[in-house]
file entry_39.cif (mmCIF, N, CA and C atoms)
data_data
loop_
_atom_site.label_atom_id
_atom_site.label_comp_id
_atom_site.auth_asym_id
_atom_site.auth_seq_id
_atom_site.Cartn_x
_atom_site.Cartn_y
_atom_site.Cartn_z
N MET A 1 -124.73 -154.65 45.49
CA MET A 1 -124.73 -156.08 45.32
C MET A 1 -125.03 -156.79 46.65
N THR A 2 -124.73 -156.14 47.76
CA THR A 2 -125.00 -156.75 49.06
C THR A 2 -126.49 -157.02 49.24
N LYS A 3 -127.32 -156.09 48.80
CA LYS A 3 -128.76 -156.28 48.93
C LYS A 3 -129.21 -157.49 48.11
N LYS A 4 -128.71 -157.60 46.88
CA LYS A 4 -129.07 -158.74 46.04
C LYS A 4 -128.53 -160.05 46.63
N ALA A 5 -127.34 -160.02 47.18
CA ALA A 5 -126.75 -161.22 47.79
C ALA A 5 -127.55 -161.65 49.00
N SER A 6 -128.09 -160.71 49.76
CA SER A 6 -128.85 -161.08 50.95
C SER A 6 -130.22 -161.66 50.60
N GLN A 7 -130.69 -161.44 49.37
CA GLN A 7 -132.00 -161.95 48.96
C GLN A 7 -131.91 -163.29 48.24
N LEU A 8 -130.71 -163.82 48.05
CA LEU A 8 -130.54 -165.09 47.34
C LEU A 8 -130.99 -166.28 48.17
N ASP A 9 -131.47 -167.29 47.47
CA ASP A 9 -131.76 -168.57 48.11
C ASP A 9 -130.51 -169.43 47.96
N TYR A 10 -129.70 -169.51 49.02
CA TYR A 10 -128.41 -170.20 48.94
C TYR A 10 -128.55 -171.72 48.83
N ASN A 11 -129.76 -172.23 49.01
CA ASN A 11 -130.00 -173.66 48.82
C ASN A 11 -130.23 -174.00 47.34
N ASN A 12 -130.48 -172.98 46.53
CA ASN A 12 -130.70 -173.17 45.10
C ASN A 12 -129.41 -172.83 44.36
N PHE A 13 -128.68 -173.85 43.93
CA PHE A 13 -127.38 -173.66 43.29
C PHE A 13 -127.49 -172.80 42.03
N ASN A 14 -128.51 -173.03 41.21
CA ASN A 14 -128.64 -172.28 39.95
C ASN A 14 -128.86 -170.80 40.20
N SER A 15 -129.59 -170.47 41.25
CA SER A 15 -129.80 -169.07 41.60
C SER A 15 -128.49 -168.40 41.99
N VAL A 16 -127.68 -169.07 42.78
CA VAL A 16 -126.38 -168.52 43.20
C VAL A 16 -125.45 -168.41 41.99
N LYS A 17 -125.43 -169.44 41.16
CA LYS A 17 -124.57 -169.43 39.97
C LYS A 17 -124.95 -168.29 39.03
N ASP A 18 -126.24 -168.09 38.79
CA ASP A 18 -126.69 -166.99 37.94
C ASP A 18 -126.27 -165.64 38.51
N PHE A 19 -126.41 -165.50 39.82
CA PHE A 19 -126.01 -164.24 40.46
C PHE A 19 -124.52 -163.97 40.29
N MET A 20 -123.72 -165.02 40.43
CA MET A 20 -122.27 -164.86 40.35
C MET A 20 -121.77 -164.67 38.93
N CYS A 21 -122.39 -165.33 37.96
CA CYS A 21 -121.83 -165.37 36.61
C CYS A 21 -122.46 -164.40 35.61
N LYS A 22 -123.73 -164.12 35.75
CA LYS A 22 -124.40 -163.26 34.77
C LYS A 22 -124.24 -161.79 35.15
N PRO A 23 -124.26 -160.91 34.15
CA PRO A 23 -124.19 -159.47 34.45
C PRO A 23 -125.36 -159.04 35.34
N GLN A 24 -125.07 -158.18 36.28
CA GLN A 24 -126.08 -157.71 37.22
C GLN A 24 -126.39 -156.25 36.95
N HIS A 25 -127.67 -155.87 37.06
CA HIS A 25 -128.10 -154.49 36.88
C HIS A 25 -128.30 -153.87 38.26
N VAL A 26 -127.53 -152.83 38.55
CA VAL A 26 -127.63 -152.12 39.82
C VAL A 26 -127.85 -150.65 39.49
N LYS A 27 -129.06 -150.19 39.82
CA LYS A 27 -129.48 -148.83 39.47
C LYS A 27 -129.24 -148.60 37.98
N ASP A 28 -128.37 -147.67 37.60
CA ASP A 28 -128.15 -147.40 36.17
C ASP A 28 -126.86 -148.04 35.66
N LYS A 29 -126.27 -148.97 36.41
CA LYS A 29 -125.01 -149.60 36.01
C LYS A 29 -125.21 -151.09 35.80
N VAL A 30 -124.39 -151.64 34.91
CA VAL A 30 -124.36 -153.08 34.70
C VAL A 30 -123.00 -153.58 35.16
N ILE A 31 -123.01 -154.51 36.11
CA ILE A 31 -121.76 -155.07 36.62
C ILE A 31 -121.64 -156.46 36.02
N GLY A 32 -120.66 -156.64 35.14
CA GLY A 32 -120.50 -157.91 34.44
C GLY A 32 -119.31 -158.69 34.97
N GLY A 33 -119.31 -159.99 34.70
CA GLY A 33 -118.19 -160.83 35.09
C GLY A 33 -117.97 -160.86 36.57
N TYR A 34 -119.07 -160.89 37.34
CA TYR A 34 -118.96 -160.78 38.79
C TYR A 34 -118.13 -161.92 39.40
N ALA A 35 -118.24 -163.10 38.83
CA ALA A 35 -117.49 -164.22 39.37
C ALA A 35 -116.07 -164.26 38.82
N ARG A 36 -115.77 -163.43 37.85
CA ARG A 36 -114.44 -163.43 37.26
C ARG A 36 -113.57 -162.29 37.77
N ARG A 37 -114.18 -161.25 38.28
CA ARG A 37 -113.46 -160.09 38.80
C ARG A 37 -113.93 -159.75 40.19
N CYS A 38 -112.97 -159.46 41.05
CA CYS A 38 -113.32 -159.06 42.41
C CYS A 38 -113.97 -157.68 42.37
N PRO A 39 -115.15 -157.53 42.95
CA PRO A 39 -115.81 -156.22 42.94
C PRO A 39 -115.12 -155.19 43.83
N LEU A 40 -114.28 -155.62 44.75
CA LEU A 40 -113.59 -154.69 45.64
C LEU A 40 -112.29 -154.17 45.04
N CYS A 41 -111.45 -155.08 44.55
CA CYS A 41 -110.13 -154.64 44.06
C CYS A 41 -109.99 -154.76 42.55
N GLY A 42 -110.88 -155.49 41.90
CA GLY A 42 -110.82 -155.63 40.44
C GLY A 42 -109.90 -156.74 39.95
N ALA A 43 -109.32 -157.51 40.85
CA ALA A 43 -108.41 -158.59 40.44
C ALA A 43 -109.19 -159.68 39.72
N LYS A 44 -108.56 -160.24 38.71
CA LYS A 44 -109.19 -161.32 37.95
C LYS A 44 -109.04 -162.63 38.71
N VAL A 45 -110.15 -163.34 38.85
CA VAL A 45 -110.17 -164.62 39.57
C VAL A 45 -110.42 -165.70 38.52
N HIS A 46 -109.43 -166.53 38.27
CA HIS A 46 -109.51 -167.51 37.19
C HIS A 46 -110.36 -168.71 37.55
N THR A 47 -110.58 -168.96 38.82
CA THR A 47 -111.33 -170.15 39.22
C THR A 47 -112.82 -169.87 39.38
N GLU A 48 -113.27 -168.73 38.96
CA GLU A 48 -114.67 -168.32 39.01
C GLU A 48 -115.30 -168.55 40.37
N LEU A 49 -116.38 -169.32 40.44
CA LEU A 49 -117.13 -169.44 41.70
C LEU A 49 -116.30 -169.97 42.85
N THR A 50 -115.45 -170.95 42.58
CA THR A 50 -114.68 -171.53 43.67
C THR A 50 -113.62 -170.58 44.19
N GLY A 51 -113.28 -169.55 43.42
CA GLY A 51 -112.26 -168.61 43.83
C GLY A 51 -112.78 -167.43 44.62
N MET A 52 -114.09 -167.23 44.64
CA MET A 52 -114.67 -166.10 45.35
C MET A 52 -115.02 -166.51 46.77
N ARG A 53 -114.98 -165.54 47.67
CA ARG A 53 -115.29 -165.78 49.08
C ARG A 53 -116.39 -164.82 49.53
N LEU A 54 -117.17 -165.23 50.49
CA LEU A 54 -118.20 -164.39 51.08
C LEU A 54 -117.75 -164.00 52.47
N TYR A 55 -117.55 -162.70 52.69
CA TYR A 55 -117.13 -162.20 53.99
C TYR A 55 -118.31 -161.49 54.64
N LYS A 56 -118.61 -161.84 55.88
CA LYS A 56 -119.68 -161.19 56.63
C LYS A 56 -119.07 -160.38 57.75
N TYR A 57 -119.45 -159.13 57.82
CA TYR A 57 -118.98 -158.23 58.87
C TYR A 57 -120.18 -157.83 59.72
N LYS A 58 -120.11 -158.06 61.00
CA LYS A 58 -121.19 -157.73 61.91
C LYS A 58 -120.73 -156.63 62.86
N ASP A 59 -121.55 -155.60 62.95
CA ASP A 59 -121.30 -154.63 64.01
C ASP A 59 -122.51 -154.68 64.94
N SER A 60 -122.66 -153.71 65.80
CA SER A 60 -123.73 -153.77 66.79
C SER A 60 -125.13 -153.71 66.19
N GLU A 61 -125.26 -153.15 64.99
CA GLU A 61 -126.59 -152.97 64.40
C GLU A 61 -126.83 -153.75 63.11
N ASP A 62 -125.83 -153.83 62.26
CA ASP A 62 -126.01 -154.37 60.92
C ASP A 62 -125.06 -155.51 60.60
N VAL A 63 -125.40 -156.24 59.55
CA VAL A 63 -124.54 -157.29 59.00
C VAL A 63 -124.27 -156.91 57.55
N PHE A 64 -122.99 -156.84 57.18
CA PHE A 64 -122.59 -156.52 55.82
C PHE A 64 -121.96 -157.75 55.20
N GLU A 65 -122.33 -158.06 53.94
CA GLU A 65 -121.78 -159.20 53.24
C GLU A 65 -121.04 -158.71 52.01
N PHE A 66 -119.83 -159.22 51.82
CA PHE A 66 -119.02 -158.86 50.67
C PHE A 66 -118.62 -160.11 49.93
N ILE A 67 -118.84 -160.15 48.63
CA ILE A 67 -118.32 -161.22 47.79
C ILE A 67 -117.04 -160.68 47.19
N CYS A 68 -115.93 -161.38 47.43
CA CYS A 68 -114.64 -160.85 47.02
C CYS A 68 -113.63 -161.97 46.76
N CYS A 69 -112.47 -161.58 46.24
CA CYS A 69 -111.39 -162.53 45.96
C CYS A 69 -110.73 -162.96 47.28
N PRO A 70 -109.95 -164.03 47.27
CA PRO A 70 -109.30 -164.50 48.50
C PRO A 70 -108.40 -163.45 49.16
N THR A 71 -107.74 -162.62 48.37
CA THR A 71 -106.86 -161.59 48.94
C THR A 71 -107.66 -160.56 49.73
N CYS A 72 -108.74 -160.05 49.13
CA CYS A 72 -109.58 -159.09 49.85
C CYS A 72 -110.24 -159.73 51.07
N TYR A 73 -110.64 -160.99 50.92
CA TYR A 73 -111.25 -161.71 52.04
C TYR A 73 -110.29 -161.77 53.22
N GLU A 74 -109.04 -162.13 52.96
CA GLU A 74 -108.05 -162.21 54.03
C GLU A 74 -107.77 -160.83 54.63
N ASN A 75 -107.72 -159.81 53.78
CA ASN A 75 -107.50 -158.44 54.28
C ASN A 75 -108.65 -158.01 55.18
N LEU A 76 -109.87 -158.30 54.78
CA LEU A 76 -111.02 -157.95 55.61
C LEU A 76 -111.05 -158.77 56.90
N ARG A 77 -110.78 -160.05 56.76
CA ARG A 77 -110.87 -160.95 57.90
C ARG A 77 -109.86 -160.62 59.00
N TYR A 78 -108.65 -160.29 58.61
CA TYR A 78 -107.60 -160.06 59.61
C TYR A 78 -107.36 -158.58 59.92
N SER A 79 -108.20 -157.71 59.37
CA SER A 79 -108.06 -156.29 59.67
C SER A 79 -108.42 -156.03 61.13
N THR A 80 -107.60 -155.26 61.80
CA THR A 80 -107.86 -154.95 63.20
C THR A 80 -108.65 -153.66 63.37
N ALA A 81 -108.74 -152.86 62.31
CA ALA A 81 -109.43 -151.57 62.42
C ALA A 81 -110.40 -151.38 61.26
N LEU A 82 -111.22 -152.39 60.98
CA LEU A 82 -112.17 -152.30 59.87
C LEU A 82 -113.36 -151.45 60.29
N GLU A 83 -113.62 -150.41 59.51
CA GLU A 83 -114.78 -149.55 59.74
C GLU A 83 -115.49 -149.35 58.42
N ILE A 84 -116.80 -149.47 58.44
CA ILE A 84 -117.60 -149.29 57.24
C ILE A 84 -118.43 -148.03 57.41
N ASP A 85 -118.34 -147.15 56.43
CA ASP A 85 -119.14 -145.92 56.43
C ASP A 85 -120.56 -146.30 55.99
N LYS A 86 -121.46 -146.44 56.94
CA LYS A 86 -122.80 -146.93 56.66
C LYS A 86 -123.58 -146.00 55.74
N GLU A 87 -123.42 -144.71 55.91
CA GLU A 87 -124.13 -143.76 55.06
C GLU A 87 -123.72 -143.91 53.60
N ASP A 88 -122.43 -143.98 53.37
CA ASP A 88 -121.92 -144.14 52.00
C ASP A 88 -122.30 -145.51 51.44
N PHE A 89 -122.25 -146.52 52.27
CA PHE A 89 -122.60 -147.87 51.85
C PHE A 89 -124.06 -147.95 51.42
N LYS A 90 -124.95 -147.32 52.18
CA LYS A 90 -126.38 -147.33 51.84
C LYS A 90 -126.68 -146.52 50.59
N LYS A 91 -125.90 -145.50 50.31
CA LYS A 91 -126.08 -144.72 49.07
C LYS A 91 -125.74 -145.57 47.86
N ILE A 92 -124.72 -146.41 47.99
CA ILE A 92 -124.31 -147.26 46.87
C ILE A 92 -125.37 -148.30 46.56
N ILE A 93 -125.98 -148.84 47.60
CA ILE A 93 -127.01 -149.86 47.42
C ILE A 93 -128.25 -149.21 46.85
#

call {"tool": "encode", "arguments": {"input": "entry_39.cif", "output": "structure tokens"}}
result
Amino acid sequence: MTKKASQLDYNNFNSVKDFMCKPQHVKDKVIGGYARRCPLCGAKVHTELTGMRLYKYKDSEDVFEFICCPTCYENLRYSTALEIDKEDFKKII
């Protein structure tokens, strides 16, 4: 989903809304209810778009973007030892 999120035109509200609300096809999987469920922890977010957060993590080489619920956002934001396995992450994309 990070690849699709990075290709969005954030100035076009309808494009962002469609990405967040409609089922997304990723390889052989369909991820539905993206704006209703956190893709990281699976928690239900009742406020849909306004309840989701975009977290950007930058390391020396790459920028990773995560769309997640407020709880996961806070956990990522205040984590002191956040490490992302780039090889595994690229396999998922």

call {"tool": "atom_distance", "arguments": {"input": "entry_39.cif", "atom1": "CA of Lys58 in chain A", "atom2": "atom C of Leu82 in chain A"}}
result
10.2 Å

call {"tool": "closest_residue", "arguments": {"input": "entry_39.cif", "among": "A:Cys68, A:Ile84, A:Ala5, A:Leu76", "to": "Leu40 in chain A", "atoms": "only N, CA and C atoms"}}
result
A:Cys68

call {"tool": "atom_distance", "arguments": {"input": "entry_39.cif", "atom1": "CA of Pro39 in chain A", "atom2": "CA of Ile67 in chain A"}}
result
7.4 Å

call {"tool": "closest_residue", "arguments": {"input": "entry_39.cif", "among": "A:Arg53, A:Ser15, A:Thr80, A:Gln24", "to": "Glu65 in chain A", "atoms": "only C-alpha atoms"}}
result
A:Arg53

call {"tool": "atom_distance", "arguments": {"input": "entry_39.cif", "atom1": "atom C of Tyr10 in chain A", "atom2": "atom N of Pro70 in chain A"}}
result
20.2 Å

call {"tool": "resolve_selection", "arguments": {"input": "entry_39.cif", "expression": "the PyMOL selection byres (((chain A and resi 69 and name CA) around 7) and name CA)", "output": "VMD selection string"}}
result
chain A and resid 38 45 51 to 53 68 70 to 73

call {"tool": "select_by_dssp", "arguments": {"input": "entry_39.cif", "residues": "chain A", "states": "helix (DSSP H, G or I)", "output": "number ranges by chain"}}
result
A: 2-6, 13-21, 48-51, 70-77, 86-92

call {"tool": "select_by_dssp", "arguments": {"input": "entry_39.cif", "residues": "range 10-93 of chain A", "states": "strand (DSSP E or B)", "output": "PyMOL selection string"}}
result
chain A and resi 24-26+29-31+37+44+53-58+63-68

call {"tool": "closest_residue", "arguments": {"input": "entry_39.cif", "among": "A:Arg37, A:Arg77, A:Lys4, A:Lys44", "to": "His25 in chain A", "atoms": "only C-alpha atoms"}}
result
A:Lys4

call {"tool": "axis_aligned_box", "arguments": {"input": "entry_39.cif", "around": "range 21-25 of chain A", "padding_each_side": "6 Å", "output": "lines of an AutoDock Vina configuration file"}}
result
center_x = -125.1
center_y = -159.6
center_z = 36.2
size_x = 18.5
size_y = 23.5
size_z = 16.1
